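File shown: upload14.cif (mmCIF, C-alpha atoms).
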```cif
data_entry
loop_
_atom_site.group_PDB
_atom_site.id
_atom_site.type_symbol
_atom_site.label_atom_id
_atom_site.label_comp_id
_atom_site.auth_asym_id
_atom_site.auth_seq_id
_atom_site.Cartn_x
_atom_site.Cartn_y
_atom_site.Cartn_z
ATOM 1 C CA MET S 9 -10.705 -18.810 8.185
ATOM 2 C CA LYS S 10 -11.303 -15.131 7.651
ATOM 3 C CA ASN S 11 -9.525 -12.679 5.383
ATOM 4 C CA LEU S 12 -7.673 -9.644 6.737
ATOM 5 C CA VAL S 13 -6.959 -6.107 5.553
ATOM 6 C CA LEU S 14 -3.851 -4.648 7.209
ATOM 7 C CA SER S 15 -2.994 -0.959 7.138
ATOM 8 C CA ALA S 16 -1.561 1.906 9.178
ATOM 9 C CA ALA S 17 -3.023 5.238 10.323
ATOM 10 C CA CYS S 18 -0.486 6.701 12.710
ATOM 11 C CA ASN S 19 -0.607 10.394 13.595
ATOM 12 C CA ILE S 20 -3.220 11.374 11.037
ATOM 13 C CA ASP S 21 -6.690 12.882 11.238
ATOM 14 C CA PRO S 22 -9.146 9.949 11.320
ATOM 15 C CA LYS S 23 -11.200 11.729 8.653
ATOM 16 C CA GLN S 24 -8.374 10.865 6.278
ATOM 17 C CA ILE S 25 -9.266 7.180 6.484
ATOM 18 C CA GLU S 26 -13.055 7.595 6.392
ATOM 19 C CA PHE S 27 -13.260 6.993 2.635
ATOM 20 C CA PHE S 28 -11.062 3.914 3.003
ATOM 21 C CA LEU S 29 -13.190 2.440 5.782
ATOM 22 C CA LYS S 30 -16.648 3.296 4.463
ATOM 23 C CA SER S 31 -15.921 2.041 0.967
ATOM 24 C CA LEU S 32 -14.312 -1.117 2.352
ATOM 25 C CA ARG S 33 -17.112 -1.883 4.805
ATOM 26 C CA LYS S 34 -19.687 -1.419 2.051
ATOM 27 C CA ASN S 35 -18.147 -4.427 0.300
ATOM 28 C CA TYR S 36 -16.406 -6.454 2.999
ATOM 29 C CA ASN S 37 -17.392 -7.657 6.482
ATOM 30 C CA GLU S 38 -14.335 -9.585 7.637
ATOM 31 C CA ASP S 39 -11.295 -8.495 9.644
ATOM 32 C CA ILE S 40 -9.524 -5.136 9.427
ATOM 33 C CA CYS S 41 -6.560 -4.138 11.576
ATOM 34 C CA PHE S 42 -4.725 -0.802 11.703
ATOM 35 C CA LEU S 43 -1.483 0.268 13.287
ATOM 36 C CA VAL S 44 -2.041 3.434 15.331
ATOM 37 C CA GLY S 45 0.009 5.616 17.632
ATOM 38 C CA LYS S 46 -0.546 5.616 21.372
ATOM 39 C CA LYS S 47 -1.840 9.196 21.239
ATOM 40 C CA ASP S 48 -4.267 8.552 18.381
ATOM 41 C CA VAL S 49 -7.302 8.570 20.665
ATOM 42 C CA GLN S 50 -9.803 9.821 18.081
ATOM 43 C CA THR S 51 -8.559 7.365 15.475
ATOM 44 C CA LYS S 52 -9.108 4.447 17.866
ATOM 45 C CA LYS S 53 -12.682 5.599 18.506
ATOM 46 C CA PHE S 54 -13.216 6.002 14.773
ATOM 47 C CA LEU S 55 -11.963 2.484 14.027
ATOM 48 C CA LYS S 56 -14.345 0.970 16.557
ATOM 49 C CA ILE S 57 -17.280 2.487 14.649
ATOM 50 C CA TYR S 58 -16.244 0.371 11.678
ATOM 51 C CA ASN S 59 -15.574 -2.766 13.708
ATOM 52 C CA SER S 60 -11.862 -2.498 13.022
ATOM 53 C CA ASP S 61 -9.117 -3.740 15.316
ATOM 54 C CA PHE S 62 -5.940 -1.807 15.989
ATOM 55 C CA LEU S 63 -2.482 -2.303 17.393
ATOM 56 C CA GLU S 64 -0.833 0.543 19.277
ATOM 57 C CA ILE S 65 2.766 1.174 18.285
ATOM 58 C CA ASP S 66 5.337 3.670 19.533
ATOM 59 C CA VAL S 67 7.201 4.645 16.374
ATOM 60 C CA HIS S 68 8.179 8.035 14.959
ATOM 61 C CA LYS S 69 5.819 9.002 12.136
ATOM 62 C CA PHE S 70 8.698 9.092 9.629
ATOM 63 C CA ASP S 71 9.647 5.489 10.481
ATOM 64 C CA VAL S 72 6.207 3.860 10.264
ATOM 65 C CA GLN S 73 6.471 3.126 6.547
ATOM 66 C CA ILE S 74 9.480 0.858 7.064
ATOM 67 C CA LYS S 75 8.704 -0.496 10.532
ATOM 68 C CA ARG S 76 5.061 -1.396 9.803
ATOM 69 C CA TYR S 77 6.175 -4.745 8.364
ATOM 70 C CA PHE S 78 7.535 -5.828 11.744
ATOM 71 C CA PHE S 79 4.183 -5.168 13.412
ATOM 72 C CA TYR S 80 2.207 -6.757 10.588
ATOM 73 C CA LEU S 81 4.200 -9.936 11.106
ATOM 74 C CA LYS S 82 3.520 -9.834 14.855
ATOM 75 C CA ILE S 83 -0.207 -9.625 14.129
ATOM 76 C CA LEU S 84 -0.071 -12.632 11.794
ATOM 77 C CA GLU S 85 1.960 -14.671 14.258
ATOM 78 C CA LYS S 86 -0.944 -14.443 16.701
ATOM 79 C CA LYS S 87 -3.699 -15.474 14.322
ATOM 80 C CA GLU S 88 -3.925 -17.321 11.028
ATOM 81 C CA TYR S 89 -5.937 -15.965 8.099
ATOM 82 C CA ASN S 90 -6.983 -17.170 4.689
ATOM 83 C CA ASN S 91 -5.812 -14.209 2.580
ATOM 84 C CA ILE S 92 -4.304 -10.864 3.598
ATOM 85 C CA LEU S 93 -4.197 -7.495 1.863
ATOM 86 C CA ILE S 94 -1.422 -5.177 3.050
ATOM 87 C CA CYS S 95 -2.114 -1.649 1.873
ATOM 88 C CA ASP S 96 -1.791 2.070 2.446
ATOM 89 C CA SER S 97 -4.823 3.879 3.834
ATOM 90 C CA ARG S 98 -5.040 7.625 3.248
ATOM 91 C CA ASP S 99 -5.018 7.419 -0.564
ATOM 92 C CA ILE S 100 -7.047 4.241 -1.154
ATOM 93 C CA TYR S 101 -10.714 3.462 -1.685
ATOM 94 C CA PHE S 102 -12.525 0.254 -2.547
ATOM 95 C CA GLN S 103 -14.999 -0.436 -5.344
ATOM 96 C CA SER S 104 -15.647 -4.075 -4.370
ATOM 97 C CA ASN S 105 -14.434 -6.753 -1.981
ATOM 98 C CA PRO S 106 -10.682 -7.027 -2.708
ATOM 99 C CA PHE S 107 -10.770 -10.774 -2.021
ATOM 100 C CA ASP S 108 -13.537 -11.548 -4.530
ATOM 101 C CA TYR S 109 -11.061 -12.252 -7.304
ATOM 102 C CA SER S 110 -9.298 -15.423 -8.452
ATOM 103 C CA TYR S 111 -5.721 -14.439 -7.653
ATOM 104 C CA ARG S 112 -3.124 -16.649 -9.246
ATOM 105 C CA GLY S 113 -0.259 -16.348 -6.796
ATOM 106 C CA SER S 114 0.435 -17.280 -3.206
ATOM 107 C CA ILE S 115 1.521 -13.648 -3.202
ATOM 108 C CA ASN S 116 0.413 -11.075 -5.769
ATOM 109 C CA PHE S 117 2.247 -7.908 -6.752
ATOM 110 C CA PHE S 118 0.570 -5.018 -8.543
ATOM 111 C CA LEU S 119 2.545 -3.125 -11.145
ATOM 112 C CA GLU S 120 2.477 0.533 -12.021
ATOM 113 C CA ASP S 121 2.916 1.871 -15.575
ATOM 114 C CA LYS S 122 6.518 2.963 -15.420
ATOM 115 C CA LYS S 123 9.937 1.342 -15.354
ATOM 116 C CA ILE S 124 12.076 1.733 -12.255
ATOM 117 C CA LYS S 125 14.753 3.591 -14.233
ATOM 118 C CA ASP S 126 12.195 6.176 -15.369
ATOM 119 C CA CYS S 127 11.175 7.075 -11.816
ATOM 120 C CA PRO S 128 13.712 9.192 -9.879
ATOM 121 C CA PHE S 129 12.193 8.203 -6.526
ATOM 122 C CA ASN S 130 12.326 4.446 -7.074
ATOM 123 C CA SER S 131 15.791 4.772 -8.630
ATOM 124 C CA ASN S 132 17.035 6.685 -5.590
ATOM 125 C CA TRP S 133 15.614 4.148 -3.139
ATOM 126 C CA LEU S 134 17.212 1.210 -4.941
ATOM 127 C CA ILE S 135 20.604 2.882 -5.397
ATOM 128 C CA ASN S 136 20.768 3.991 -1.770
ATOM 129 C CA THR S 137 19.849 0.595 -0.362
ATOM 130 C CA TYR S 138 21.261 -2.124 -2.632
ATOM 131 C CA GLY S 139 23.763 -0.091 -4.658
ATOM 132 C CA ARG S 140 24.210 0.728 -8.319
ATOM 133 C CA GLU S 141 24.907 -2.807 -9.571
ATOM 134 C CA THR S 142 21.643 -4.145 -8.181
ATOM 135 C CA TYR S 143 19.862 -1.053 -9.451
ATOM 136 C CA LYS S 144 21.165 -1.698 -12.979
ATOM 137 C CA SER S 145 19.985 -5.302 -12.839
ATOM 138 C CA LEU S 146 16.453 -4.268 -11.854
ATOM 139 C CA SER S 147 16.059 -0.872 -13.496
ATOM 140 C CA ASN S 148 14.258 -2.129 -16.620
ATOM 141 C CA ASN S 149 11.527 -3.796 -14.584
ATOM 142 C CA ILE S 150 8.126 -2.189 -14.140
ATOM 143 C CA ILE S 151 7.642 -0.669 -10.685
ATOM 144 C CA SER S 152 5.809 -2.942 -8.259
ATOM 145 C CA CYS S 153 3.828 -0.901 -5.743
ATOM 146 C CA SER S 154 4.493 -1.781 -2.089
ATOM 147 C CA GLY S 155 1.310 0.083 -1.127
ATOM 148 C CA THR S 156 -0.847 -2.875 -2.199
ATOM 149 C CA THR S 157 0.262 -6.499 -1.756
ATOM 150 C CA LEU S 158 -2.141 -9.433 -1.459
ATOM 151 C CA GLY S 159 -1.510 -13.088 -0.770
ATOM 152 C CA ASN S 160 -2.342 -16.118 1.287
ATOM 153 C CA TYR S 161 -1.191 -16.532 4.869
ATOM 154 C CA GLU S 162 2.112 -18.277 4.130
ATOM 155 C CA GLY S 163 2.900 -16.068 1.149
ATOM 156 C CA ILE S 164 2.415 -12.851 3.096
ATOM 157 C CA LYS S 165 4.333 -14.128 6.126
ATOM 158 C CA THR S 166 7.261 -15.042 3.876
ATOM 159 C CA TYR S 167 7.085 -11.606 2.271
ATOM 160 C CA LEU S 168 7.072 -9.814 5.636
ATOM 161 C CA LYS S 169 10.068 -11.809 6.865
ATOM 162 C CA LEU S 170 11.976 -10.974 3.682
ATOM 163 C CA MET S 171 11.052 -7.293 4.021
ATOM 164 C CA LEU S 172 12.447 -7.284 7.561
ATOM 165 C CA GLN S 173 15.622 -9.128 6.567
ATOM 166 C CA ASN S 174 16.294 -6.799 3.643
ATOM 167 C CA SER S 175 15.469 -3.575 5.491
ATOM 168 C CA SER S 176 17.861 -4.631 8.253
ATOM 169 C CA LYS S 177 20.696 -5.680 5.926
ATOM 170 C CA TYR S 178 20.363 -2.916 3.317
ATOM 171 C CA LYS S 179 19.570 0.222 5.263
ATOM 172 C CA TYR S 180 18.964 3.410 3.305
ATOM 173 C CA LYS S 181 22.211 5.376 3.004
ATOM 174 C CA LYS S 182 21.567 8.883 4.243
ATOM 175 C CA SER S 183 23.108 11.830 2.442
ATOM 176 C CA LEU S 184 26.093 13.470 4.106
ATOM 177 C CA LYS S 185 24.239 16.497 5.503
ATOM 178 C CA TYR S 186 21.901 14.183 7.426
ATOM 179 C CA LEU S 187 24.764 12.012 8.652
ATOM 180 C CA LEU S 188 26.653 15.027 9.929
ATOM 181 C CA THR S 189 23.640 16.468 11.748
ATOM 182 C CA PHE S 190 22.265 13.107 12.991
ATOM 183 C CA ARG S 191 18.890 13.811 11.383
ATOM 184 C CA ARG S 192 16.466 11.543 9.535
ATOM 185 C CA ASP S 193 16.815 11.660 5.780
ATOM 186 C CA LYS S 194 13.230 12.121 4.630
ATOM 187 C CA ASN S 195 14.203 10.914 1.163
ATOM 188 C CA GLY S 196 14.468 7.422 2.627
ATOM 189 C CA ARG S 197 10.897 7.251 3.908
ATOM 190 C CA GLY S 198 9.720 5.253 0.894
ATOM 191 C CA ALA S 199 12.661 2.863 0.817
ATOM 192 C CA ASP S 200 10.329 -0.074 1.428
ATOM 193 C CA GLN S 201 9.662 0.281 -2.300
ATOM 194 C CA ALA S 202 13.248 -0.827 -2.926
ATOM 195 C CA TYR S 203 12.912 -3.904 -0.716
ATOM 196 C CA ALA S 204 9.542 -4.838 -2.196
ATOM 197 C CA ASN S 205 10.813 -4.533 -5.768
ATOM 198 C CA TYR S 206 13.982 -6.476 -4.986
ATOM 199 C CA ILE S 207 11.922 -9.318 -3.497
ATOM 200 C CA ALA S 208 9.303 -9.280 -6.245
ATOM 201 C CA HIS S 209 11.549 -8.996 -9.300
ATOM 202 C CA ASN S 210 14.071 -11.537 -8.012
ATOM 203 C CA ASN S 211 11.224 -14.039 -7.489
ATOM 204 C CA LEU S 212 12.250 -14.697 -3.891
ATOM 205 C CA ILE S 213 8.788 -16.041 -3.022
ATOM 206 C CA GLN S 214 7.559 -19.241 -4.616
ATOM 207 C CA ASN S 215 4.419 -18.913 -6.751
ATOM 208 C CA SER S 216 4.430 -15.122 -6.876
ATOM 209 C CA TYR S 217 2.447 -13.377 -9.597
ATOM 210 C CA PHE S 218 2.400 -9.906 -11.162
ATOM 211 C CA TYR S 219 -0.768 -8.089 -12.204
ATOM 212 C CA SER S 220 -0.558 -5.271 -14.706
ATOM 213 C CA ASN S 221 -1.968 -1.872 -13.874
ATOM 214 C CA GLU S 222 -3.909 -1.925 -17.118
ATOM 215 C CA LYS S 223 -5.816 -5.212 -16.664
ATOM 216 C CA GLY S 224 -5.490 -6.186 -13.016
ATOM 217 C CA PRO S 225 -7.894 -5.844 -10.070
ATOM 218 C CA ILE S 226 -5.912 -3.107 -8.313
ATOM 219 C CA ALA S 227 -5.063 0.281 -9.822
ATOM 220 C CA THR S 228 -2.123 2.429 -8.779
ATOM 221 C CA VAL S 229 -3.183 5.481 -10.681
ATOM 222 C CA TYR S 230 -0.255 7.906 -10.469
ATOM 223 C CA HIS S 231 1.227 6.547 -13.714
ATOM 224 C CA LEU S 232 -1.924 4.843 -15.025
ATOM 225 C CA LYS S 233 -2.071 5.522 -18.762
ATOM 226 C CA LYS S 234 -5.835 5.480 -19.213
ATOM 227 C CA ILE S 235 -8.307 6.884 -16.698
ATOM 228 C CA ALA S 236 -11.871 5.756 -17.502
ATOM 229 C CA PHE S 237 -15.039 5.461 -15.436
ATOM 230 C CA ASN S 238 -18.325 3.617 -15.911
ATOM 231 C CA LYS S 239 -21.824 4.986 -15.268
ATOM 232 C CA LYS S 240 -21.533 4.023 -11.594
ATOM 233 C CA TYR S 241 -18.531 6.385 -11.227
ATOM 234 C CA GLU S 242 -16.218 3.363 -10.861
ATOM 235 C CA LEU S 243 -12.710 3.365 -12.280
ATOM 236 C CA ILE S 244 -12.485 0.612 -14.913
ATOM 237 C CA ASN S 245 -9.543 -1.249 -16.418
ATOM 238 C CA SER S 246 -8.852 -1.958 -20.094
ATOM 239 C CA LEU S 247 -11.224 -4.952 -19.925
ATOM 240 C CA ASN S 248 -14.018 -2.564 -18.858
ATOM 241 C CA GLU S 249 -14.067 -4.220 -15.431
ATOM 242 C CA PRO S 250 -14.186 -2.084 -12.277
ATOM 243 C CA TYR S 251 -11.012 -2.240 -10.226
ATOM 244 C CA ALA S 252 -11.496 -3.628 -6.733
ATOM 245 C CA VAL S 253 -9.012 -1.181 -5.206
ATOM 246 C CA VAL S 254 -8.053 2.324 -6.311
ATOM 247 C CA HIS S 255 -4.744 3.654 -5.001
ATOM 248 C CA GLN S 256 -3.142 7.129 -5.276
ATOM 249 C CA TYR S 257 -6.277 8.740 -6.684
ATOM 250 C CA ASP S 258 -5.309 11.996 -4.963
ATOM 251 C CA LYS S 259 -2.336 12.302 -7.315
ATOM 252 C CA ARG S 260 -4.745 12.545 -10.283
ATOM 253 C CA TRP S 261 -7.358 14.606 -8.444
ATOM 254 C CA ASN S 262 -8.453 16.679 -11.428
ATOM 255 C CA GLU S 263 -9.538 13.489 -13.200
ATOM 256 C CA PHE S 264 -11.045 11.846 -10.114
ATOM 257 C CA GLU S 265 -12.734 14.695 -8.311
ATOM 258 C CA SER S 266 -16.247 14.507 -9.799
ATOM 259 C CA ASN S 267 -16.460 10.696 -9.699
ATOM 260 C CA VAL S 268 -15.001 10.406 -6.201
ATOM 261 C CA ASN S 269 -17.384 13.046 -4.906
ATOM 262 C CA GLU S 270 -20.337 11.116 -6.320
ATOM 263 C CA ILE S 271 -19.174 7.963 -4.563
ATOM 264 C CA LYS S 272 -18.611 9.881 -1.339
ATOM 265 C CA LYS S 273 -22.106 11.299 -1.608
ATOM 266 C CA GLU S 274 -23.524 7.768 -1.824
ATOM 267 C CA LEU S 275 -21.481 6.778 1.225
ATOM 268 C CA GLY S 276 -22.543 9.828 3.211
ATOM 269 C CA ILE S 277 -19.070 11.379 3.352
ATOM 270 C CA ASP S 278 -18.304 15.094 3.293
ATOM 271 C CA GLN S 279 -17.246 15.781 -0.308
ATOM 272 C CA ALA S 280 -14.436 18.141 0.627
ATOM 273 C CA ARG S 281 -11.206 16.604 -0.550
#
```

Target format structure tokens, applied to this file:
Amino acid sequence: MKNLVLSAACNIDPKQIEFFLKSLRKNYNEDICFLVGKKDVQTKKFLKIYNSDFLEIDVHKFDVQIKRYFFYLKILEKKEYNNILICDSRDIYFQSNPFDYSYRGSINFFLEDKKIKDCPFNSNWLINTYGRETYKSLSNNIISCSGTTLGNYEGIKTYLKLMLQNSSKYKYKKSLKYLLTFRRDKNGRGADQAYANYIAHNNLIQNSYFYSNEKGPIATVYHLKKIAFNKKYELINSLNEPYAVVHQYDKRWNEFESNVNEIKKELGIDQAR
């Protein structure tokens, strides 16, 4: 069976996923599937260039982050895979094949370098979904990033089902001004972080495993304590090993700019950010 990379690129300029696709295809020749909007004509053409499948969805751009898990599950119900990486797209690039690593869990979570209680965004998402008591019970845990999750077929399917169950049962509580005006509360757009951390830190999936940001194969760099590169312009972990996946590099652009531009040059990508 093949491996699968699952992501979303709804209502964005396809150039924003060029780095993702070119760096991934340099290292990986198996299946890729994106969620796209019905009007994303150029993105669909762009994906075909990189031999990537897509699923058209009709979802408001502010709701994709939560609703993507429903569509990911639909994709997996139609075809079985060996291992699956669920990830963001716009702020990710690949330094090697993400599946060429001996992962220890049936599902693998990738930690950041900050506790939930020390991040106002993650604290807000947890409080406004599960409530303050649950927040207190989880607040000392290190943030697990929902933007990169990797596991085997059964592990990922279980995770997706739990994400759907939790997002349905514990909906983000909008602030009063949004309730009164019947508008979307944009502060809830990242609430999938709350569901992912609840599932991960309560060990709701058998044989789950956490990888540290410092030593693991995937870097979420926003809170990464040490930024270091090798002579090939690759971001390396504390073991001096190149990460397979680099996430949120745009949030540390001053430190990444020169190295990313060198990699883009090798890939034949316009070096403009």

Using the chain letters and numbers from the file, which residues does the PyMOL selection byres ((chain S and resi 26) around 10) grab, as a PyMOL selection string? chain S and resi 21-25+27-32+54-55+58+97-98+101+272+275+277-278

On this structure, which residues satisfy the PyMOL selection byres ((chain S and resi 253) around 10), written as a ChimeraX atom specification? /S:28,31-32,95,100-106,156,224-228,243,250-252,254-255

Given only C-alpha atoms as the counted atoms, nearest of S:Glu270, S:Asp39, S:Glu265, S:Glu120 to Lys239 of chain S: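 Ranked by minimum distance to Lys239 of chain S, first place goes to S:Glu270.
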
So that I can see what lies close to segment 80-92 of chain S, please list as a ChimeraX atom specification the residues with an atom at most 8 Å from it, counting all atoms listed in the file and leaving out residues fewer than 3 positions away in the same chain. /S:9-14,76-77,107,158-161,164-165,168-169

Neighbour list for Asp99 of chain S as an MDAnalysis selection string, cut-off 7 Å, only C-alpha atoms, skip fewer than 5 positions in-chain: chainID S and resid 255:258

Which residues, protein or nucleic acid, reach to within 8 Å of (-1.8, -9.9, -11.8) in the file's coordinates when using only C-alpha atoms, and can you give that as JSON, numbers by chain? {"S": [111, 112, 116, 117, 118, 217, 218, 219, 220, 223, 224, 225]}

Around the point (18.5, -3.7, -13.4) in the file's coordinates, collect all residues with an atom within 10 Å, using all atoms listed in the file, and return them as JSON, numbers by chain. {"S": [124, 125, 134, 140, 141, 142, 143, 144, 145, 146, 147, 148, 149, 206, 209]}

List the residues selected by the PyMOL selection byres ((chain S and resi 151) around 8) in the file shown, writing them as a PyMOL selection string. chain S and resi 119-124+130+149-150+152-153+205

Nearest to Tyr36 of chain S by atom-to-atom distance, counting only C-alpha atoms, from S:Asn245, S:Ser60, S:Phe237, S:Tyr230: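 Looking at the shortest contact to Tyr36 of chain S, the residue is S:Ser60.
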
Tell me which of S:Asn248, S:Ser176, S:Asn267, S:Gln201 sits closest to Gln73 of chain S, counting all atoms listed in the file.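 Between S:Asn248, S:Ser176, S:Asn267, S:Gln201, the residue approaching Gln73 of chain S most closely is S:Gln201.
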